[in-house]
file start39.pdb (PDB, C-alpha atoms)
ATOM      1  CA  MET A  30      22.080   9.283   7.293
ATOM      2  CA  TRP A  31      18.884   8.406   9.090
ATOM      3  CA  ILE A  32      17.396   9.246  12.435
ATOM      4  CA  TYR A  33      15.329   6.497  14.008
ATOM      5  CA  GLU A  34      12.201   7.301  15.926
ATOM      6  CA  LYS A  35      11.318   4.420  18.188
ATOM      7  CA  LYS A  36       7.616   4.274  17.407
ATOM      8  CA  LEU A  37       5.465   3.067  14.553
ATOM      9  CA  GLN A  38       4.181   5.474  11.915
ATOM     10  CA  TYR A  39       0.632   4.326  12.701
ATOM     11  CA  PRO A  40      -0.501   2.152  15.606
ATOM     12  CA  VAL A  41      -0.762  -1.578  14.957
ATOM     13  CA  ARG A  42      -3.296  -3.492  16.965
ATOM     14  CA  VAL A  43      -4.297  -7.086  16.419
ATOM     15  CA  SER A  44      -7.594  -8.476  17.730
ATOM     16  CA  THR A  45      -7.227 -12.214  17.172
ATOM     17  CA  CYS A  46      -4.465 -14.807  16.902
ATOM     18  CA  ASN A  47      -4.692 -15.528  13.194
ATOM     19  CA  PRO A  48      -1.530 -16.988  11.654
ATOM     20  CA  MET A  49      -3.222 -17.423   8.283
ATOM     21  CA  LEU A  50      -3.581 -13.645   7.998
ATOM     22  CA  ALA A  51       0.157 -13.428   8.737
ATOM     23  CA  LYS A  52       0.796 -15.694   5.774
ATOM     24  CA  PHE A  53      -1.101 -13.303   3.512
ATOM     25  CA  LEU A  54       0.487 -10.183   5.028
ATOM     26  CA  ILE A  55       3.990 -11.481   4.391
ATOM     27  CA  GLU A  56       3.304 -10.643   0.729
ATOM     28  CA  GLN A  57       3.660  -6.972   1.672
ATOM     29  CA  TYR A  58       6.831  -7.771   3.647
ATOM     30  CA  GLY A  59       8.930  -9.703   1.170
ATOM     31  CA  GLY A  60       6.800  -9.817  -1.988
ATOM     32  CA  ALA A  61       7.499  -8.241  -5.371
ATOM     33  CA  ASP A  62       5.298  -5.231  -4.617
ATOM     34  CA  GLY A  63       5.996  -5.233  -0.894
ATOM     35  CA  GLU A  64       7.429  -2.555   1.319
ATOM     36  CA  LEU A  65      11.003  -3.913   1.269
ATOM     37  CA  ALA A  66      11.076  -3.920  -2.529
ATOM     38  CA  ALA A  67       9.614  -0.415  -2.557
ATOM     39  CA  ALA A  68      12.120   1.027  -0.093
ATOM     40  CA  LEU A  69      15.138  -0.513  -1.817
ATOM     41  CA  ARG A  70      13.854   0.430  -5.275
ATOM     42  CA  TYR A  71      13.390   4.133  -4.502
ATOM     43  CA  LEU A  72      16.464   4.619  -2.339
ATOM     44  CA  ASN A  73      18.584   3.036  -5.059
ATOM     45  CA  GLN A  74      17.058   4.834  -8.040
ATOM     46  CA  ARG A  75      17.571   8.265  -6.498
ATOM     47  CA  TYR A  76      21.286   8.410  -7.359
ATOM     48  CA  THR A  77      20.615   8.583 -11.081
ATOM     49  CA  ILE A  78      17.507  10.733 -11.258
ATOM     50  CA  PRO A  79      17.337  14.516 -11.865
ATOM     51  CA  ASP A  80      18.017  16.618  -8.746
ATOM     52  CA  LYS A  81      14.460  17.920  -8.645
ATOM     53  CA  VAL A  82      13.002  14.556  -7.657
ATOM     54  CA  ILE A  83      15.804  13.010  -5.566
ATOM     55  CA  GLY A  84      14.238  14.306  -2.383
ATOM     56  CA  LEU A  85      10.914  12.697  -3.232
ATOM     57  CA  LEU A  86      12.538   9.294  -3.675
ATOM     58  CA  THR A  87      14.436   9.738  -0.397
ATOM     59  CA  ASP A  88      11.283  10.665   1.507
ATOM     60  CA  ILE A  89       9.077   7.943   0.073
ATOM     61  CA  GLY A  90      11.815   5.295   0.277
ATOM     62  CA  THR A  91      12.298   6.165   3.932
ATOM     63  CA  GLU A  92       8.573   6.001   4.627
ATOM     64  CA  GLU A  93       8.450   2.536   3.066
ATOM     65  CA  PHE A  94      10.762   1.320   5.841
ATOM     66  CA  ALA A  95       8.275   2.700   8.355
ATOM     67  CA  HIS A  96       5.586   0.663   6.584
ATOM     68  CA  LEU A  97       7.827  -2.420   6.567
ATOM     69  CA  GLU A  98       8.115  -2.081  10.319
ATOM     70  CA  MET A  99       4.324  -1.945  10.679
ATOM     71  CA  ILE A 100       3.871  -5.091   8.588
ATOM     72  CA  ALA A 101       6.578  -6.815  10.619
ATOM     73  CA  THR A 102       4.745  -5.900  13.820
ATOM     74  CA  MET A 103       1.476  -7.306  12.461
ATOM     75  CA  VAL A 104       3.057 -10.569  11.332
ATOM     76  CA  TYR A 105       4.898 -10.949  14.620
ATOM     77  CA  LYS A 106       1.791 -10.349  16.725
ATOM     78  CA  LEU A 107      -0.314 -12.687  14.594
ATOM     79  CA  THR A 108       2.107 -15.588  14.965
ATOM     80  CA  LYS A 109       4.011 -15.156  18.223
ATOM     81  CA  ASP A 110       1.688 -17.312  20.340
ATOM     82  CA  ALA A 111       0.580 -19.755  17.662
ATOM     83  CA  THR A 112       1.309 -23.417  18.329
ATOM     84  CA  PRO A 113       3.154 -25.516  15.740
ATOM     85  CA  GLU A 114      -0.227 -27.130  15.022
ATOM     86  CA  GLN A 115      -1.808 -23.743  14.356
ATOM     87  CA  MET A 116       1.106 -22.758  12.132
ATOM     88  CA  LYS A 117       0.641 -25.941  10.141
ATOM     89  CA  ALA A 118      -3.104 -25.401   9.857
ATOM     90  CA  ALA A 119      -2.495 -21.853   8.612
ATOM     91  CA  GLY A 120      -0.281 -23.087   5.793
ATOM     92  CA  LEU A 121       2.869 -21.969   7.603
ATOM     93  CA  GLY A 122       4.245 -25.470   8.243
ATOM     94  CA  ALA A 123       7.044 -25.032   5.729
ATOM     95  CA  HIS A 124       7.843 -21.623   7.201
ATOM     96  CA  TYR A 125       7.908 -23.105  10.699
ATOM     97  CA  ALA A 126      10.266 -25.865   9.613
ATOM     98  CA  ASN A 127      12.723 -23.358   8.213
ATOM     99  CA  HIS A 128      12.257 -20.277  10.425
ATOM    100  CA  GLU A 129      10.106 -21.203  13.427
ATOM    101  CA  LYS A 130       8.396 -17.879  14.318
ATOM    102  CA  ALA A 131      11.103 -15.714  12.801
ATOM    103  CA  LEU A 132      10.108 -13.207  10.167
ATOM    104  CA  TYR A 133      11.604 -13.730   6.769
ATOM    105  CA  TYR A 134      11.606 -11.730   3.539
ATOM    106  CA  GLU A 135       9.379 -13.960   1.464
ATOM    107  CA  ASN A 136       6.075 -13.629  -0.340
ATOM    108  CA  ALA A 137       2.752 -15.236   0.573
ATOM    109  CA  GLY A 138       3.791 -18.327  -1.362
ATOM    110  CA  GLY A 139       7.013 -18.650   0.640
ATOM    111  CA  VAL A 140       9.319 -17.538  -2.196
ATOM    112  CA  PRO A 141      12.296 -15.583  -0.807
ATOM    113  CA  TRP A 142      12.694 -11.937  -1.763
ATOM    114  CA  THR A 143      14.918 -11.305  -4.767
ATOM    115  CA  ALA A 144      16.500  -8.171  -6.212
ATOM    116  CA  THR A 145      14.963  -9.102  -9.555
ATOM    117  CA  TYR A 146      11.720  -7.644  -8.145
ATOM    118  CA  ILE A 147      13.170  -4.160  -8.586
ATOM    119  CA  GLN A 148      14.705  -2.288 -11.460
ATOM    120  CA  ALA A 149      16.939   0.736 -11.861
ATOM    121  CA  LYS A 150      16.944   1.581 -15.533
ATOM    122  CA  GLY A 151      18.722   4.907 -15.307
ATOM    123  CA  ASP A 152      16.034   6.484 -17.465
ATOM    124  CA  PRO A 153      14.098   8.846 -15.193
ATOM    125  CA  ILE A 154      10.728   8.375 -16.897
ATOM    126  CA  ALA A 155      11.087   4.596 -17.044
ATOM    127  CA  ASP A 156      12.050   4.479 -13.371
ATOM    128  CA  LEU A 157       9.226   6.772 -12.229
ATOM    129  CA  TYR A 158       6.679   4.794 -14.245
ATOM    130  CA  GLU A 159       7.883   1.650 -12.520
ATOM    131  CA  ASP A 160       7.479   3.431  -9.192
ATOM    132  CA  ILE A 161       3.909   4.475 -10.030
ATOM    133  CA  ALA A 162       3.090   0.915 -11.069
ATOM    134  CA  ALA A 163       4.642  -0.424  -7.857
ATOM    135  CA  GLU A 164       2.467   1.874  -5.736
ATOM    136  CA  GLU A 165      -0.710   0.900  -7.583
ATOM    137  CA  LYS A 166       0.149  -2.793  -7.230
ATOM    138  CA  ALA A 167       0.826  -2.379  -3.518
ATOM    139  CA  ARG A 168      -2.508  -0.547  -3.201
ATOM    140  CA  ALA A 169      -4.255  -3.482  -4.875
ATOM    141  CA  THR A 170      -2.475  -5.980  -2.615
ATOM    142  CA  TYR A 171      -3.765  -4.120   0.438
ATOM    143  CA  GLN A 172      -7.280  -4.270  -1.018
ATOM    144  CA  TRP A 173      -7.137  -8.019  -1.442
ATOM    145  CA  ILE A 174      -5.718  -8.568   2.040
ATOM    146  CA  ILE A 175      -8.411  -6.351   3.581
ATOM    147  CA  ASN A 176     -11.020  -8.330   1.629
ATOM    148  CA  MET A 177      -9.826 -11.580   3.231
ATOM    149  CA  SER A 178      -9.342 -10.205   6.744
ATOM    150  CA  ASP A 179     -12.001 -10.093   9.449
ATOM    151  CA  ASP A 180      -9.743  -8.342  11.951
ATOM    152  CA  PRO A 181     -11.020  -4.750  12.315
ATOM    153  CA  ASP A 182      -7.874  -3.524  14.073
ATOM    154  CA  ILE A 183      -5.549  -4.883  11.404
ATOM    155  CA  ASN A 184      -7.815  -3.549   8.689
ATOM    156  CA  ASP A 185      -7.659  -0.080  10.217
ATOM    157  CA  SER A 186      -3.860  -0.091   9.903
ATOM    158  CA  LEU A 187      -3.991  -1.630   6.421
ATOM    159  CA  ARG A 188      -6.403   1.096   5.292
ATOM    160  CA  PHE A 189      -3.885   3.689   6.436
ATOM    161  CA  LEU A 190      -1.130   1.943   4.478
ATOM    162  CA  ARG A 191      -3.313   1.722   1.376
ATOM    163  CA  GLU A 192      -4.033   5.449   1.577
ATOM    164  CA  ARG A 193      -0.294   6.118   1.731
ATOM    165  CA  GLU A 194       0.141   4.115  -1.490
ATOM    166  CA  ILE A 195      -2.385   6.445  -3.140
ATOM    167  CA  ILE A 196      -0.477   9.505  -1.972
ATOM    168  CA  HIS A 197       2.861   8.072  -3.099
ATOM    169  CA  ALA A 198       1.442   7.276  -6.535
ATOM    170  CA  GLN A 199       0.166  10.856  -6.734
ATOM    171  CA  ARG A 200       3.582  12.287  -5.859
ATOM    172  CA  PHE A 201       5.371  10.071  -8.400
ATOM    173  CA  ARG A 202       2.881  11.185 -11.040
ATOM    174  CA  GLU A 203       3.649  14.800 -10.107
ATOM    175  CA  ALA A 204       7.378  14.006 -10.386
ATOM    176  CA  VAL A 205       6.795  12.885 -13.966
ATOM    177  CA  GLU A 206       5.027  16.173 -14.665
ATOM    178  CA  ILE A 207       7.963  18.087 -13.190
ATOM    179  CA  LEU A 208      10.432  16.203 -15.412
ATOM    180  CA  LYS A 209       8.254  16.810 -18.458
ATOM    181  CA  GLU A 210       8.595  20.504 -17.626
ATOM    182  CA  GLU A 211       5.158  21.035 -18.956
ATOM    183  CA  GLN A 212       4.496  24.732 -19.386
ATOM    184  CA  GLY A 213       1.418  26.690 -18.485
ATOM    185  CA  ARG A 214      -0.288  24.503 -15.900
ATOM    186  CA  LYS A 215       2.671  24.411 -13.579
ATOM    187  CA  LYS A 216       1.512  25.917 -10.324
ATOM    188  CA  ILE A 217       4.199  24.833  -7.910
ATOM    189  CA  PHE A 218       3.821  25.545  -4.218
TER     190      PHE A 218
ATOM    191  CA  MET B 175     -21.895  10.574 -11.271
ATOM    192  CA  HIS B 176     -18.253  10.372 -10.271
ATOM    193  CA  THR B 177     -17.327   7.414  -8.079
ATOM    194  CA  HIS B 178     -14.119   5.745  -6.962
ATOM    195  CA  HIS B 179     -15.444   2.374  -7.993
ATOM    196  CA  LYS B 180     -16.295   1.246 -11.485
ATOM    197  CA  SER B 181     -18.094  -1.913 -12.486
ATOM    198  CA  TYR B 182     -18.724  -4.110 -15.475
ATOM    199  CA  GLN B 183     -20.745  -7.220 -16.243
ATOM    200  CA  PRO B 184     -18.658 -10.074 -17.602
ATOM    201  CA  TYR B 185     -20.191 -12.694 -19.863
ATOM    202  CA  VAL B 186     -22.000 -15.429 -17.947
ATOM    203  CA  SER B 187     -21.952 -18.854 -19.531
ATOM    204  CA  PRO B 188     -24.652 -21.435 -18.809
ATOM    205  CA  PHE B 189     -21.749 -23.838 -18.205
ATOM    206  CA  ASP B 190     -19.925 -21.748 -15.582
ATOM    207  CA  PRO B 191     -18.880 -24.065 -12.738
ATOM    208  CA  CYS B 192     -19.307 -21.481  -9.964
ATOM    209  CA  LYS B 193     -22.297 -19.304  -9.177
ATOM    210  CA  PRO B 194     -21.707 -16.308 -11.453
ATOM    211  CA  MET B 195     -20.759 -12.944 -10.018
ATOM    212  CA  ILE B 196     -22.957 -10.768 -12.180
ATOM    213  CA  GLU B 197     -21.072  -7.582 -11.529
ATOM    214  CA  LYS B 198     -17.313  -7.079 -11.099
ATOM    215  CA  THR B 199     -15.969  -3.885  -9.554
ATOM    216  CA  TYR B 200     -12.600  -2.235  -9.492
ATOM    217  CA  SER B 201     -11.035   0.710  -7.735
ATOM    218  CA  THR B 202     -10.328   4.033  -9.439
ATOM    219  CA  PRO B 203      -8.936   6.189  -6.620
ATOM    220  CA  PRO B 204      -9.119  10.004  -6.785
ATOM    221  CA  HIS B 205      -5.455  10.580  -7.626
ATOM    222  CA  LEU B 206      -6.087   9.166 -11.093
ATOM    223  CA  TYR B 207      -8.151  12.245 -11.909
ATOM    224  CA  ILE B 208      -6.390  15.129 -10.203
ATOM    225  CA  GLY B 209      -3.097  15.555 -12.061
ATOM    226  CA  PHE B 210      -0.631  17.958 -10.463
ATOM    227  CA  GLN B 211      -2.142  18.856  -7.104
ATOM    228  CA  PRO B 212      -3.748  22.304  -7.304
ATOM    229  CA  PRO B 213      -3.130  24.806  -4.485
ATOM    230  CA  ASN B 214      -5.486  25.438  -1.553
ATOM    231  CA  LEU B 215      -7.290  22.101  -1.460
ATOM    232  CA  PRO B 216      -9.381  21.446   1.672
ATOM    233  CA  GLN B 217      -7.480  19.772   4.500
ATOM    234  CA  PHE B 218      -8.281  17.446   7.379
ATOM    235  CA  THR B 219      -7.407  18.623  10.860
ATOM    236  CA  PRO B 220      -3.987  17.315  11.936
ATOM    237  CA  MET B 221      -5.557  14.615  14.144
ATOM    238  CA  GLU B 222      -7.911  13.488  11.384
ATOM    239  CA  ALA B 223      -5.047  13.495   8.896
ATOM    240  CA  LEU B 224      -2.958  11.202  11.097
ATOM    241  CA  ARG B 225      -5.785   8.688  11.100
ATOM    242  CA  ALA B 226      -6.736   9.063   7.449
ATOM    243  CA  GLY B 227      -3.211   8.730   6.085
ATOM    244  CA  THR B 228      -3.467  11.987   4.159
ATOM    245  CA  LEU B 229      -3.852  15.670   4.912
ATOM    246  CA  TRP B 230      -5.903  16.189   1.764
ATOM    247  CA  LYS B 231      -9.606  15.372   1.674
ATOM    248  CA  ALA B 232      -9.495  15.084  -2.108
ATOM    249  CA  PHE B 233      -7.140  12.096  -1.916
ATOM    250  CA  TYR B 234      -8.958  10.223   0.854
ATOM    251  CA  ASP B 235     -10.471   6.990  -0.443
ATOM    252  CA  PRO B 236     -10.730   4.303   2.255
ATOM    253  CA  TRP B 237     -11.171   0.642   1.361
ATOM    254  CA  TYR B 238     -13.426  -1.645   3.411
ATOM    255  CA  GLY B 239     -13.582  -5.406   3.257
ATOM    256  CA  PRO B 240     -16.790  -7.439   3.055
ATOM    257  CA  TYR B 241     -16.504  -8.519   6.723
ATOM    258  CA  GLU B 242     -16.439  -5.119   8.349
ATOM    259  CA  LYS B 243     -18.668  -2.190   9.140
ATOM    260  CA  LYS B 244     -17.817   0.958   7.256
ATOM    261  CA  ASN B 245     -16.514   4.152   8.749
ATOM    262  CA  TRP B 246     -15.964   3.289  12.335
ATOM    263  CA  GLY B 247     -14.066   6.222  13.724
ATOM    264  CA  VAL B 248     -12.461   7.241  10.455
ATOM    265  CA  PRO B 249     -12.892  10.758   9.111
ATOM    266  CA  SER B 250     -15.260  10.708   6.181
TER     267      SER B 250
END
call {"tool": "encode", "arguments": {"input": "start39.pdb", "output": "structure tokens"}}
result
Amino acid sequence: MWIYEKKLQYPVRVSTCNPMLAKFLIEQYGGADGELAAALRYLNQRYTIPDKVIGLLTDIGTEEFAHLEMIATMVYKLTKDATPEQMKAAGLGAHYANHEKALYYENAGGVPWTATYIQAKGDPIADLYEDIAAEEKARATYQWIINMSDDPDINDSLRFLREREIIHAQRFREAVEILKEEQGRKKIF
Amino acid sequence: MHTHHKSYQPYVSPFDPCKPMIEKTYSTPPHLYIGFQPPNLPQFTPMEALRAGTLWKAFYDPWYGPYEKKNWGVPS
């Protein structure tokens, strides 16, 4: 059960109409290491993971949907007033032909999202290591998008999202430590 | 000195087609070094934390692109 709060986790402002940036951002929407893949991966894995870390997967998986919503807002704002010519020039001609301005779960290359991006191995360590890797890859993706973007408002929101990836990676690493039940250095709460 | 960026110098060939980038850098954010979070770490104020994306100063590691000024309005 979820409760929806009708506001974004962090404000999204866009300074310039820049459909090409939308094309890059869609990687974090429907890409292999994007927010959709992250949310579905964690919320699905949590059924077969030890009780101690179920709550973590629920919390982070839920937050990923909040991030998905932010990316969607960015992509929408960046493209909503673009002309078909501008869409074409931004490399979104094929997207326009198929979806007009609609958002779609695809990566920056236009490949539709697929469940093969995520795994649920049933082995807690294997699954958590995948989750850590997913967070680090998402962090890197944000870096590369920030590097290509000259929109300070978008970058401000992307920096927030990248910081959240760092925190999520940290918490997954702590989850591994909890499952290892390592003695001695465990100072919980 | 501890930094959150590391660098290395890849081999540069006299036949490289593009102008060589002498130094390559990569990110090594703070969480790689901290392990299980110890108690009583310094915190941002709630308002700063909302902007930074974390309550914990030790985990704050903002990334800036080449086209932007650093640190405008973000807690440091």
call {"tool": "closest_residue", "arguments": {"input": "start39.pdb", "among": "A:Tyr105, A:Phe53, A:Tyr158, A:Tyr171", "to": "A:Gly138", "atoms": "all atoms listed in the file"}}
result
A:Phe53
call {"tool": "atom_distance", "arguments": {"input": "start39.pdb", "atom1": "atom CA of A:Gln148", "atom2": "atom CA of A:Gln74"}}
result
8.2 Å
call {"tool": "resolve_selection", "arguments": {"input": "start39.pdb", "expression": "the PyMOL selection byres ((chain A) within 10 of (chain B))", "output": "PyMOL selection string"}}
result
chain A and resi 38-40+165+168-169+171-181+184-200+202-207+214-218
call {"tool": "atom_distance", "arguments": {"input": "start39.pdb", "atom1": "atom CA of B:His176", "atom2": "atom CA of A:Glu159"}}
result
27.6 Å
call {"tool": "atom_distance", "arguments": {"input": "start39.pdb", "atom1": "atom CA of A:Ala95", "atom2": "atom CA of A:Val41"}}
result
12.0 Å
call {"tool": "closest_residue", "arguments": {"input": "start39.pdb", "among": "A:Ala51, A:Met99, A:Leu157, A:Ala144", "to": "A:Leu86", "atoms": "only C-alpha atoms"}}
result
A:Leu157
call {"tool": "resolve_selection", "arguments": {"input": "start39.pdb", "expression": "the PyMOL selection byres ((chain A and resi 46) around 10)", "output": "NGL selection string"}}
result
:A and (43-45 or 47-51 or 106-111 or 115 or 180)
call {"tool": "resolve_selection", "arguments": {"input": "start39.pdb", "expression": "the PyMOL selection byres ((chain A and resi 152) around 10)", "output": "ChimeraX atom specification"}}
result
/A:74,77-79,149-151,153-157
